[in-house]
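*Asks:* Coordinates in protein22.cif, mmCIF, C-alpha atoms, are listed below.
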```
data_entry
loop_
_atom_site.label_atom_id
_atom_site.label_comp_id
_atom_site.auth_asym_id
_atom_site.auth_seq_id
_atom_site.Cartn_x
_atom_site.Cartn_y
_atom_site.Cartn_z
CA MET A 1142 0.00 0.00 0.00
CA GLY A 1143 2.81 2.38 0.90
CA GLY A 1144 4.58 1.42 -2.31
CA ALA A 1145 1.58 2.30 -4.43
CA LEU A 1146 1.19 5.69 -2.74
CA ALA A 1147 4.90 6.44 -3.10
CA ALA A 1148 4.73 5.48 -6.80
CA GLN A 1149 1.74 7.79 -7.23
CA PHE A 1150 3.60 10.64 -5.52
CA ARG A 1151 6.73 10.16 -7.67
CA ARG A 1152 4.60 10.03 -10.81
CA GLU A 1153 2.86 13.33 -9.98
CA LEU A 1154 6.19 15.06 -9.30
CA LYS A 1155 7.68 13.74 -12.55
CA ILE A 1156 4.68 14.87 -14.59
CA ALA A 1157 4.77 18.30 -12.95
CA ARG A 1158 8.48 18.64 -13.72
CA ARG A 1159 8.29 17.42 -17.32
CA SER A 1160 5.12 19.10 -18.46
CA GLY A 1161 6.99 22.26 -17.64
CA GLY A 1162 6.11 25.62 -16.25
CA GLY A 1163 3.75 24.52 -13.48
CA ALA A 1164 5.68 26.02 -10.60
CA SER A 1165 7.38 28.81 -12.49
CA THR A 1166 4.19 29.99 -14.22
CA GLY A 1167 2.48 30.30 -10.85
CA ALA A 1168 5.40 32.20 -9.37
CA VAL A 1169 5.57 34.58 -12.35
CA PHE A 1170 1.81 35.16 -12.17
CA PHE A 1171 2.25 35.87 -8.45
CA LEU A 1172 5.01 38.37 -9.27
CA VAL A 1173 2.84 40.12 -11.85
CA LEU A 1174 -0.09 40.40 -9.44
CA ALA A 1175 2.08 41.65 -6.58
CA ALA A 1176 3.76 44.12 -8.92
CA ILE A 1177 0.63 45.73 -10.38
CA PHE A 1178 -0.98 46.50 -7.01
CA PRO A 1179 1.50 49.32 -6.17
CA PHE A 1180 0.73 50.91 -9.54
CA ALA A 1181 -2.96 50.99 -8.62
CA VAL A 1182 -2.43 52.09 -5.01
CA GLY A 1183 0.08 54.84 -5.76
CA PRO A 1184 3.43 55.76 -4.23
CA ASP A 1185 2.27 55.91 -0.60
CA LEU A 1186 4.73 53.65 1.25
CA ASN A 1187 2.79 53.72 4.53
CA LEU A 1188 -0.41 52.64 2.84
CA LEU A 1189 1.45 49.94 0.92
CA ALA A 1190 3.06 48.63 4.11
CA ARG A 1191 -0.35 48.44 5.77
CA ILE A 1192 -2.15 46.60 2.97
CA GLY A 1193 0.89 44.57 1.85
CA PRO A 1194 -0.09 41.34 3.65
CA ALA A 1195 -3.55 41.47 2.08
CA ILE A 1196 -2.04 42.03 -1.38
CA LEU A 1197 0.28 39.06 -0.96
CA TRP A 1198 -2.54 36.81 0.27
CA ILE A 1199 -4.88 37.72 -2.59
CA ALA A 1200 -2.07 37.27 -5.10
CA VAL A 1201 -1.28 33.81 -3.69
CA LEU A 1202 -4.97 32.89 -3.65
CA LEU A 1203 -5.34 33.76 -7.33
CA SER A 1204 -2.04 32.07 -8.23
CA THR A 1205 -3.11 28.77 -6.64
CA LEU A 1206 -6.11 28.73 -8.99
CA LEU A 1207 -3.71 28.32 -11.92
CA GLY A 1208 -3.28 24.72 -12.90
CA LEU A 1209 -6.15 23.52 -10.73
CA ASP A 1210 -8.22 22.73 -13.82
CA ARG A 1211 -5.70 20.07 -14.91
CA LEU A 1212 -5.33 18.50 -11.45
CA PHE A 1213 -7.80 15.70 -12.19
CA GLN A 1214 -8.90 16.51 -15.75
CA ALA A 1215 -5.68 15.23 -17.33
CA ASP A 1216 -6.15 11.83 -15.65
CA TYR A 1217 -9.85 11.85 -16.52
CA GLU A 1218 -9.24 12.49 -20.21
CA ASP A 1219 -6.44 10.00 -20.81
CA GLY A 1220 -8.22 7.20 -18.94
CA SER A 1221 -5.76 7.04 -16.05
CA LEU A 1222 -8.51 7.82 -13.55
CA ASP A 1223 -10.49 4.75 -14.70
CA VAL A 1224 -7.51 2.48 -14.21
CA MET A 1225 -6.64 4.05 -10.84
CA LEU A 1226 -10.18 3.27 -9.72
CA THR A 1227 -9.54 -0.43 -10.39
CA GLY A 1228 -6.60 -0.42 -7.97
CA GLU A 1229 -6.90 -1.55 -4.38
CA MET A 1230 -5.95 1.91 -3.17
CA PRO A 1231 -8.96 3.96 -1.98
CA LEU A 1232 -9.58 6.94 -4.24
CA GLU A 1233 -9.53 9.22 -1.17
CA LEU A 1234 -5.86 8.36 -0.54
CA ILE A 1235 -4.96 8.82 -4.22
CA VAL A 1236 -6.62 12.24 -4.07
CA LEU A 1237 -4.67 13.14 -0.95
CA VAL A 1238 -1.38 12.16 -2.60
CA LYS A 1239 -2.22 14.09 -5.77
CA CYS A 1240 -3.11 17.18 -3.70
CA ALA A 1241 0.11 16.89 -1.69
CA ALA A 1242 2.17 16.74 -4.89
CA HIS A 1243 0.18 19.62 -6.37
CA TRP A 1244 0.75 21.73 -3.24
CA LEU A 1245 4.45 20.90 -3.25
CA THR A 1246 4.92 21.87 -6.90
CA THR A 1247 2.59 24.89 -7.19
CA ALA A 1248 1.88 26.41 -3.76
CA LEU A 1249 5.13 25.87 -1.87
CA PRO A 1250 7.18 27.86 -4.45
CA LEU A 1251 4.77 30.78 -3.88
CA VAL A 1252 5.45 30.60 -0.13
CA PHE A 1253 9.17 30.74 -0.81
CA VAL A 1254 9.04 33.78 -3.09
CA ALA A 1255 6.45 35.64 -0.98
CA PRO A 1256 9.04 37.29 1.33
CA LEU A 1257 10.92 38.48 -1.74
CA PHE A 1258 7.83 40.14 -3.18
CA GLY A 1259 6.94 41.40 0.31
CA LEU A 1260 10.12 43.50 0.23
CA ALA A 1261 8.73 45.25 -2.84
CA LEU A 1262 5.58 46.02 -0.85
CA ALA A 1263 7.48 47.83 1.94
CA GLN A 1264 7.14 45.03 4.50
CA ASP A 1265 9.61 44.97 7.38
CA GLY A 1266 11.32 41.83 8.67
CA ALA A 1267 8.70 40.85 11.25
CA ALA A 1268 5.89 41.33 8.74
CA LEU A 1269 7.71 39.14 6.20
CA VAL A 1270 7.99 36.33 8.75
CA ARG A 1271 4.30 36.58 9.62
CA VAL A 1272 3.17 36.59 5.99
CA THR A 1273 5.39 33.64 5.11
CA LEU A 1274 4.28 31.58 8.11
CA SER A 1275 0.61 32.30 7.50
CA LEU A 1276 0.99 31.34 3.83
CA LEU A 1277 2.84 28.15 4.75
CA VAL A 1278 0.00 26.86 6.91
CA GLY A 1279 -2.82 28.43 4.89
CA THR A 1280 -1.98 27.29 1.36
CA PRO A 1281 -2.76 23.59 2.03
CA ALA A 1282 -6.35 24.64 2.71
CA LEU A 1283 -6.40 26.61 -0.56
CA THR A 1284 -5.11 23.63 -2.54
CA LEU A 1285 -7.55 21.17 -0.93
CA ILE A 1286 -10.58 23.43 -1.34
CA GLY A 1287 -9.50 24.09 -4.91
CA ALA A 1288 -9.31 20.34 -5.50
CA ILE A 1289 -13.03 20.07 -4.70
CA GLY A 1290 -13.77 22.59 -7.45
CA ALA A 1291 -11.41 20.80 -9.82
CA ALA A 1292 -13.13 17.47 -9.17
CA ALA A 1293 -16.63 18.92 -9.55
CA THR A 1294 -15.73 20.28 -13.00
CA VAL A 1295 -13.62 17.29 -14.10
CA SER A 1296 -15.80 16.39 -17.08
CA LEU A 1297 -16.24 19.97 -18.31
CA ARG A 1298 -13.91 20.91 -21.10
CA ARG A 1299 -13.70 24.57 -20.18
CA GLY A 1300 -14.01 24.36 -16.42
CA GLY A 1301 -11.19 26.77 -15.56
CA LEU A 1302 -13.26 29.88 -14.90
CA LEU A 1303 -16.02 27.84 -13.29
CA ILE A 1304 -13.50 26.48 -10.80
CA ALA A 1305 -12.61 30.04 -9.78
CA VAL A 1306 -16.29 30.91 -9.33
CA LEU A 1307 -16.90 27.77 -7.27
CA VAL A 1308 -13.74 27.90 -5.20
CA LEU A 1309 -13.17 31.57 -4.38
CA PRO A 1310 -16.23 31.98 -2.11
CA LEU A 1311 -15.20 28.86 -0.18
CA THR A 1312 -11.73 30.27 0.47
CA ILE A 1313 -13.03 33.43 2.22
CA PRO A 1314 -12.50 32.05 5.77
CA VAL A 1315 -8.92 31.09 4.90
CA LEU A 1316 -8.34 34.55 3.44
CA ILE A 1317 -9.79 36.33 6.50
CA PHE A 1318 -7.72 34.46 9.05
CA GLY A 1319 -4.66 34.33 6.83
CA VAL A 1320 -4.59 38.08 6.37
CA SER A 1321 -5.33 38.78 10.03
CA ALA A 1322 -2.48 36.47 11.07
CA ALA A 1323 -0.18 38.05 8.50
CA GLY A 1324 -1.16 41.60 9.32
CA ALA A 1325 -1.38 41.34 13.10
CA GLY A 1326 1.37 42.98 15.17
CA LEU A 1327 3.86 40.55 16.66
CA ALA A 1328 4.21 42.93 19.64
CA ASP A 1329 0.96 41.47 20.94
CA PRO A 1330 1.39 37.68 20.62
CA VAL A 1331 -2.26 36.86 21.25
CA ARG A 1332 -3.31 38.74 18.16
CA PHE A 1333 -1.01 36.63 16.01
CA ALA A 1334 -1.57 33.32 17.77
CA ALA A 1335 -5.37 33.29 17.59
CA PRO A 1336 -5.89 33.80 13.83
CA PHE A 1337 -2.82 31.65 13.14
CA ALA A 1338 -4.29 28.77 15.18
CA ILE A 1339 -7.61 29.10 13.35
CA LEU A 1340 -5.73 29.09 10.05
CA CYS A 1341 -4.02 25.82 11.08
CA ALA A 1342 -7.42 24.43 12.04
CA LEU A 1343 -8.89 25.36 8.66
CA SER A 1344 -6.06 23.54 6.88
CA LEU A 1345 -6.48 20.47 9.07
CA ALA A 1346 -10.25 20.46 8.55
CA ALA A 1347 -9.73 20.72 4.79
CA LEU A 1348 -7.19 17.88 5.00
CA ALA A 1349 -9.74 15.70 6.79
CA GLY A 1350 -12.79 16.56 4.72
CA ALA A 1351 -11.74 17.51 1.21
CA PRO A 1352 -10.46 14.07 0.05
CA PHE A 1353 -13.92 12.57 0.64
CA ALA A 1354 -15.68 15.39 -1.22
CA VAL A 1355 -13.17 15.18 -4.08
CA ALA A 1356 -13.44 11.39 -4.36
CA ALA A 1357 -17.25 11.55 -4.37
CA ALA A 1358 -17.19 14.21 -7.09
CA LEU A 1359 -14.72 12.17 -9.18
CA ARG A 1360 -16.76 8.98 -8.89
CA TYR A 1361 -19.88 10.86 -9.94
CA GLY A 1362 -18.04 12.67 -12.75
CA GLY A 1363 -16.55 9.41 -14.00
CA GLU A 1364 -19.99 8.02 -14.72
CA MET B 602 -13.09 -18.38 -9.01
CA ARG B 603 -15.89 -17.52 -11.38
CA LEU B 604 -17.33 -14.27 -12.66
CA GLU B 605 -21.11 -14.27 -12.26
CA VAL B 606 -23.23 -11.61 -13.90
CA SER B 607 -26.91 -11.87 -13.09
CA ASP B 608 -29.78 -9.75 -14.42
CA VAL B 609 -27.63 -6.68 -14.85
CA ARG B 610 -29.29 -3.45 -15.92
CA VAL B 611 -27.26 -0.32 -16.63
CA GLU B 612 -28.77 3.05 -17.51
CA ARG B 613 -26.95 5.91 -19.16
CA GLY B 614 -28.60 9.32 -19.34
CA GLY B 615 -31.95 7.79 -18.38
CA ARG B 616 -31.77 5.23 -21.21
CA ARG B 617 -31.54 1.50 -20.54
CA VAL B 618 -28.38 0.38 -22.30
CA LEU B 619 -28.17 -3.09 -20.81
CA ASP B 620 -31.15 -4.97 -19.41
CA GLY B 621 -31.51 -8.45 -17.97
CA LEU B 622 -27.98 -9.48 -18.92
CA SER B 623 -26.71 -12.70 -17.31
CA PHE B 624 -23.69 -14.91 -17.87
CA VAL B 625 -21.17 -16.96 -15.92
CA LEU B 626 -17.49 -17.24 -16.85
CA ALA B 627 -15.26 -19.91 -15.34
CA PRO B 628 -11.44 -19.95 -15.39
CA GLY B 629 -10.19 -20.32 -18.95
CA ASN B 630 -13.36 -18.89 -20.46
CA ALA B 631 -13.38 -15.99 -22.90
CA LEU B 632 -16.42 -13.96 -23.83
CA ILE B 633 -16.36 -11.94 -27.03
CA VAL B 634 -18.91 -9.14 -27.04
CA THR B 635 -20.09 -7.88 -30.41
CA GLY B 636 -22.83 -5.57 -31.59
CA PRO B 637 -23.43 -2.31 -33.45
CA ASN B 638 -22.21 1.07 -32.18
CA GLY B 639 -24.11 2.13 -29.10
CA ALA B 640 -25.30 -1.39 -28.30
CA GLY B 641 -23.59 -1.24 -24.91
CA LYS B 642 -20.30 -3.10 -25.38
CA SER B 643 -18.19 -0.46 -23.64
CA THR B 644 -20.93 0.07 -21.06
CA LEU B 645 -20.79 -3.63 -20.17
CA LEU B 646 -17.01 -3.54 -19.77
CA ARG B 647 -17.13 -0.35 -17.69
CA ALA B 648 -19.85 -1.85 -15.49
CA LEU B 649 -17.72 -4.97 -14.99
CA ALA B 650 -14.76 -2.75 -14.06
CA GLY B 651 -16.92 -1.04 -11.45
CA LEU B 652 -16.81 2.30 -13.24
CA LEU B 653 -20.57 2.49 -13.80
CA PRO B 654 -23.28 1.87 -11.19
CA LEU B 655 -25.75 -0.96 -11.77
CA ALA B 656 -29.42 0.01 -11.87
CA ALA B 657 -30.29 -3.60 -11.05
CA GLY B 658 -28.64 -6.99 -10.85
CA ARG B 659 -25.34 -8.18 -9.51
CA ILE B 660 -21.76 -8.72 -10.63
CA ALA B 661 -19.93 -11.09 -8.31
CA ILE B 662 -16.70 -12.99 -8.02
CA VAL B 663 -17.56 -16.42 -6.68
CA GLY B 664 -15.08 -18.82 -5.12
CA ALA B 665 -12.29 -16.41 -4.18
CA ASP B 666 -10.67 -16.60 -0.75
CA HIS B 667 -11.97 -13.17 0.18
CA ALA B 668 -15.07 -11.39 -1.01
CA LEU B 669 -13.58 -9.21 -3.72
CA PRO B 670 -15.19 -6.62 -5.94
CA CYS B 671 -14.69 -7.44 -9.60
CA ARG B 672 -12.78 -4.20 -10.21
CA GLU B 673 -9.94 -5.27 -7.91
CA VAL B 674 -9.27 -8.52 -9.73
CA ALA B 675 -9.73 -7.11 -13.23
CA HIS B 676 -7.54 -5.28 -15.70
CA TYR B 677 -9.50 -2.69 -17.65
CA VAL B 678 -8.06 -1.53 -20.98
CA GLY B 679 -10.49 0.98 -22.43
CA HIS B 680 -10.42 3.22 -25.49
CA ALA B 681 -8.10 5.65 -23.72
CA ASP B 682 -4.59 4.35 -23.19
CA ALA B 683 -4.21 5.68 -19.62
CA ASN B 684 -0.56 6.55 -20.20
CA LYS B 685 1.00 9.93 -19.51
CA ALA B 686 2.51 11.47 -22.63
CA SER B 687 5.36 13.12 -20.72
CA LEU B 688 6.50 9.89 -19.04
CA THR B 689 8.45 7.15 -20.79
CA ALA B 690 6.85 3.81 -21.59
CA ASN B 691 8.92 2.25 -18.82
CA GLU B 692 7.88 4.85 -16.24
CA ASN B 693 4.22 4.51 -17.14
CA LEU B 694 4.35 0.74 -16.73
CA ALA B 695 6.37 0.94 -13.50
CA PHE B 696 3.69 3.22 -12.07
CA TRP B 697 0.86 0.90 -13.05
CA ALA B 698 2.78 -2.11 -11.73
CA ALA B 699 2.98 -0.45 -8.30
CA SER B 700 -0.52 0.98 -8.44
CA LEU B 701 -2.27 -2.22 -9.53
CA ALA B 702 -0.16 -4.62 -7.47
CA SER B 703 -2.29 -6.96 -5.43
CA GLN B 704 -2.01 -7.55 -1.69
CA GLN B 705 -3.26 -11.09 -2.23
CA GLY B 706 -0.15 -12.24 -4.06
CA GLY B 707 -1.13 -14.54 -6.88
CA ARG B 708 0.91 -15.32 -9.98
CA SER B 709 4.11 -13.37 -10.35
CA ALA B 710 3.94 -10.54 -12.83
CA LEU B 711 6.54 -9.39 -15.33
CA GLN B 712 8.87 -6.47 -14.70
CA PRO B 713 8.02 -3.40 -16.83
CA ALA B 714 11.10 -3.96 -19.02
CA GLU B 715 10.16 -7.62 -19.58
CA ALA B 716 6.58 -6.69 -20.40
CA LEU B 717 7.78 -4.15 -22.97
CA ALA B 718 10.18 -6.71 -24.44
CA SER B 719 7.41 -9.27 -24.81
CA SER B 720 5.35 -6.61 -26.59
CA GLY B 721 8.26 -5.90 -28.95
CA LEU B 722 8.84 -2.42 -27.51
CA GLN B 723 12.21 -2.83 -25.78
CA ARG B 724 13.90 -0.24 -27.98
CA LEU B 725 11.23 2.34 -27.23
CA ALA B 726 11.16 1.79 -23.45
CA ASP B 727 12.96 5.02 -22.58
CA LEU B 728 11.15 7.30 -25.00
CA PRO B 729 8.33 9.54 -23.81
CA VAL B 730 4.97 8.10 -24.86
CA SER B 731 4.21 11.38 -26.66
CA VAL B 732 6.59 10.47 -29.50
CA LEU B 733 5.18 6.97 -30.03
CA SER B 734 2.70 6.14 -32.79
CA ALA B 735 -0.92 5.29 -32.04
CA GLY B 736 -0.27 1.57 -32.39
CA GLN B 737 2.83 1.70 -30.20
CA ARG B 738 0.91 3.59 -27.50
CA ARG B 739 -1.77 0.94 -27.66
CA ARG B 740 0.89 -1.74 -27.15
CA VAL B 741 2.23 0.12 -24.09
CA ALA B 742 -1.32 0.21 -22.71
CA LEU B 743 -1.75 -3.52 -23.37
CA ALA B 744 1.62 -4.27 -21.73
CA ARG B 745 -0.09 -3.14 -18.53
CA LEU B 746 -1.88 -6.51 -18.57
CA LEU B 747 1.46 -8.20 -17.97
CA VAL B 748 2.99 -6.04 -15.21
CA ALA B 749 0.30 -6.81 -12.63
CA SER B 750 -1.19 -10.27 -12.35
CA ARG B 751 -4.97 -10.09 -12.38
CA PRO B 752 -7.24 -12.99 -13.33
CA ILE B 753 -9.84 -11.05 -15.34
CA TRP B 754 -9.01 -9.03 -18.45
CA LEU B 755 -11.59 -6.53 -19.67
CA LEU B 756 -10.54 -5.39 -23.14
CA ASP B 757 -12.36 -2.74 -25.14
CA GLU B 758 -11.44 -3.02 -28.83
CA PRO B 759 -7.98 -4.39 -28.04
CA MET B 760 -6.93 -4.81 -31.68
CA THR B 761 -7.52 -1.16 -32.65
CA ALA B 762 -4.45 0.42 -34.30
CA LEU B 763 -2.35 -2.75 -33.94
CA ASP B 764 -0.36 -4.08 -36.90
CA ALA B 765 -0.57 -7.73 -37.93
CA ALA B 766 2.44 -8.86 -35.90
CA SER B 767 1.15 -7.13 -32.78
CA GLN B 768 -2.30 -8.64 -33.25
CA THR B 769 -0.74 -12.10 -33.40
CA ARG B 770 1.31 -11.32 -30.29
CA LEU B 771 -1.76 -10.10 -28.38
CA GLY B 772 -3.66 -13.21 -29.48
CA ASP B 773 -0.87 -15.38 -28.10
CA GLN B 774 -0.87 -13.46 -24.82
CA MET B 775 -4.64 -13.84 -24.51
CA ARG B 776 -4.47 -17.60 -25.15
CA ARG B 777 -1.67 -17.95 -22.58
CA HIS B 778 -3.77 -16.03 -20.06
CA LEU B 779 -6.72 -18.37 -20.66
CA ASP B 780 -4.48 -21.45 -20.40
CA GLN B 781 -3.32 -20.23 -17.00
CA GLY B 782 -6.93 -20.05 -15.79
CA GLY B 783 -7.67 -16.42 -16.60
CA ILE B 784 -10.94 -14.94 -17.81
CA ILE B 785 -11.25 -12.51 -20.72
CA VAL B 786 -14.16 -10.32 -21.71
CA ALA B 787 -13.38 -8.49 -24.95
CA ALA B 788 -15.53 -6.15 -27.00
CA THR B 789 -14.68 -6.04 -30.67
CA HIS B 790 -15.89 -5.29 -34.17
CA GLY B 791 -13.20 -7.42 -35.74
CA THR B 792 -12.34 -11.02 -35.14
CA LEU B 793 -10.42 -12.35 -32.19
CA ASP B 794 -8.69 -15.61 -32.88
CA LEU B 795 -9.68 -17.40 -29.69
CA SER B 796 -10.85 -20.96 -30.16
CA ASP B 797 -13.88 -22.02 -28.10
CA ALA B 798 -14.56 -18.45 -26.97
CA ARG B 799 -18.20 -17.73 -26.21
CA HIS B 800 -20.01 -14.95 -28.03
CA LEU B 801 -22.46 -12.37 -26.79
CA GLU B 802 -24.21 -10.21 -29.33
CA LEU B 803 -25.71 -7.04 -27.94
CA ARG B 804 -28.58 -5.32 -29.73
CA HIS B 805 -30.19 -1.93 -29.37
#
```
Let me see the structure of the file written as structure tokens.

*Replies:*
Amino acid sequence: MGGALAAQFRRELKIARRSGGGASTGAVFFLVLAAIFPFAVGPDLNLLARIGPAILWIAVLLSTLLGLDRLFQADYEDGSLDVMLTGEMPLELIVLVKCAAHWLTTALPLVFVAPLFGLALAQDGAALVRVTLSLLVGTPALTLIGAIGAAATVSLRRGGLLIAVLVLPLTIPVLIFGVSAAGAGLADPVRFAAPFAILCALSLAALAGAPFAVAAALRYGGE
Amino acid sequence: MRLEVSDVRVERGGRRVLDGLSFVLAPGNALIVTGPNGAGKSTLLRALAGLLPLAAGRIAIVGADHALPCREVAHYVGHADANKASLTANENLAFWAASLASQQGGRSALQPAEALASSGLQRLADLPVSVLSAGQRRRVALARLLVASRPIWLLDEPMTALDAASQTRLGDQMRRHLDQGGIIVAATHGTLDLSDARHLELRH
């Protein structure tokens, strides 16, 4: 059982690496989003420093939507999903492994470059740490919630925009607590700890619940 | 173990595609399913593979040590090849070997390289599937039958895109599988050279 899951994980990483551009496209899109906000806001450094965490969070949220449409659709179209369903491995575990690989290849690079782009948004050192930590624990929830949208639209040829419409409202709690953890002052630890703990809880809840929702949607879509 | 299909009804989009279908296949039996387009050949194979819900009836494996769903003892080779274009033939097969491996043991399966060699693809093993021809991709998909040992083969139009030599090779592999006590259900428009195979003709 462990061997099958490890093989699945290696396969997803290989496909992500070879099909090219998955991680780097997301990071470049993130850069573009983070870079155009200051043009809209204007040259007020204080304002930029205040809304910087929110800008970074929204940019990451939109960047994680990229590539979601192919998360299950590629396997659906080439018949791999059918054959995976005939394995002894529960679909829920396969989904979890696919989401983990997707997070590792698309969301984790965004977390790594976020402090870099935060510098361009006039964030100081403490703020960069907060934003990065909040993104690190918050992005798994974004990926898992996004996977539900990807599974629900698996049989639709042009599901990309529909995924965004389905998924974005569901990510509002993650966004609220992510931004409040990222933007809260570290001088008062309670104000960082509380939203940060809720953010962790949201990711864990998504980890526990999303694989079942995704698997149910895929089984239904496969019919 | 036997494959028992009793009174199966499958509906697609509110239309009854299969109704009241029953048959029993024992080890060494092959069933060749024929019929016009839309008669339900692929639907039958997908239902056997557990990919479609049954509106009525039962598909059961009788006589196995454990109660097993048919999908876990069956290889399903559908119209789509289920191989990733960016991975090599070898990598695709290695993945399916791990993914479809059985906890129950059973007959030993071939290594991916051996399976490719016995399908005449050894020289293409390290090429990405995207550069292979349609027939070669089909042969990679069919090599999946050899890398994990499963008693039931569900084959949807297995001869499509295969050249004469490959058709002969697949025929040999199917006969060997039957000799070893396997079961084959194959849907086809052409002819499959399997002596004493049973035939099922589906109608609209």

*Asks:* Specify as number ranges by chain each residue included when the PyMOL selection byres ((chain A) within 12 of (chain B)) is applied to this file.

*Replies:* A: 1142-1161, 1215-1232, 1235, 1359-1364

*Asks:* Evaluate the PyMOL selection byres ((chain A and resi 1245-1262) around 7) on the structure here and hand back the selected residues as a list in words.

*Replies:*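 Output of the PyMOL selection byres ((chain A and resi 1245-1262) around 7): Gly1163, Ala1164, Gly1167, Ala1168, Leu1172, Ala1175, Leu1189, Ala1190, Gly1193, Val1201, Thr1205, Ala1241, Ala1242, His1243, Trp1244, Ala1263, Gln1264, Leu1269, Thr1273, Leu1276, Leu1277 and Thr1280 of chain A.
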
*Asks:* Please provide as a PyMOL selection string all residues within 7 Å of Leu632 of chain B, with the sequence filter that same-chain residues fewer than 6 positions apart are discarded (counting only C-alpha atoms).

*Replies:* chain B and resi 785-787+798-801

*Asks:* Measuring atom to atom with only C-alpha atoms, identify which of B:Arg603, B:Lys642, B:Arg751, B:Arg770 is nearest to Val618 of chain B.

*Replies:* B:Lys642

*Asks:* What is the distance between atom CA of Phe1333 of chain A and atom CA of Leu1274 of chain A, in Å to one decimal?

*Replies:*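 So the two atoms, atom CA of Phe1333 of chain A and atom CA of Leu1274 of chain A, lie 10.8 Å apart.
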
*Asks:* What would the selection look like, as a CSV table (one decimal) with C-alpha atoms, in the frame of the given file, if the PyMOL selection byres ((chain A and resi 1286) around 9) were run on the coordinates I just shared?

*Replies:*
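Writing the result to expr-v1.csv gives the following:
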```csv
chain,number,residue,atom,x,y,z
A,1281,PRO,CA,-2.8,23.6,2.0
A,1282,ALA,CA,-6.4,24.6,2.7
A,1283,LEU,CA,-6.4,26.6,-0.6
A,1284,THR,CA,-5.1,23.6,-2.5
A,1285,LEU,CA,-7.6,21.2,-0.9
A,1287,GLY,CA,-9.5,24.1,-4.9
A,1288,ALA,CA,-9.3,20.3,-5.5
A,1289,ILE,CA,-13.0,20.1,-4.7
A,1290,GLY,CA,-13.8,22.6,-7.4
A,1291,ALA,CA,-11.4,20.8,-9.8
A,1308,VAL,CA,-13.7,27.9,-5.2
A,1311,LEU,CA,-15.2,28.9,-0.2
A,1312,THR,CA,-11.7,30.3,0.5
A,1347,ALA,CA,-9.7,20.7,4.8
A,1351,ALA,CA,-11.7,17.5,1.2
```

*Asks:* With distances taken over only C-alpha atoms, which residue among A:Ala1357, A:Leu1297, A:Ile1304, A:Ala1176 lies nearest Gly1208 of chain A?

*Replies:*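 The answer is A:Ile1304, which sits nearest to Gly1208 of chain A.
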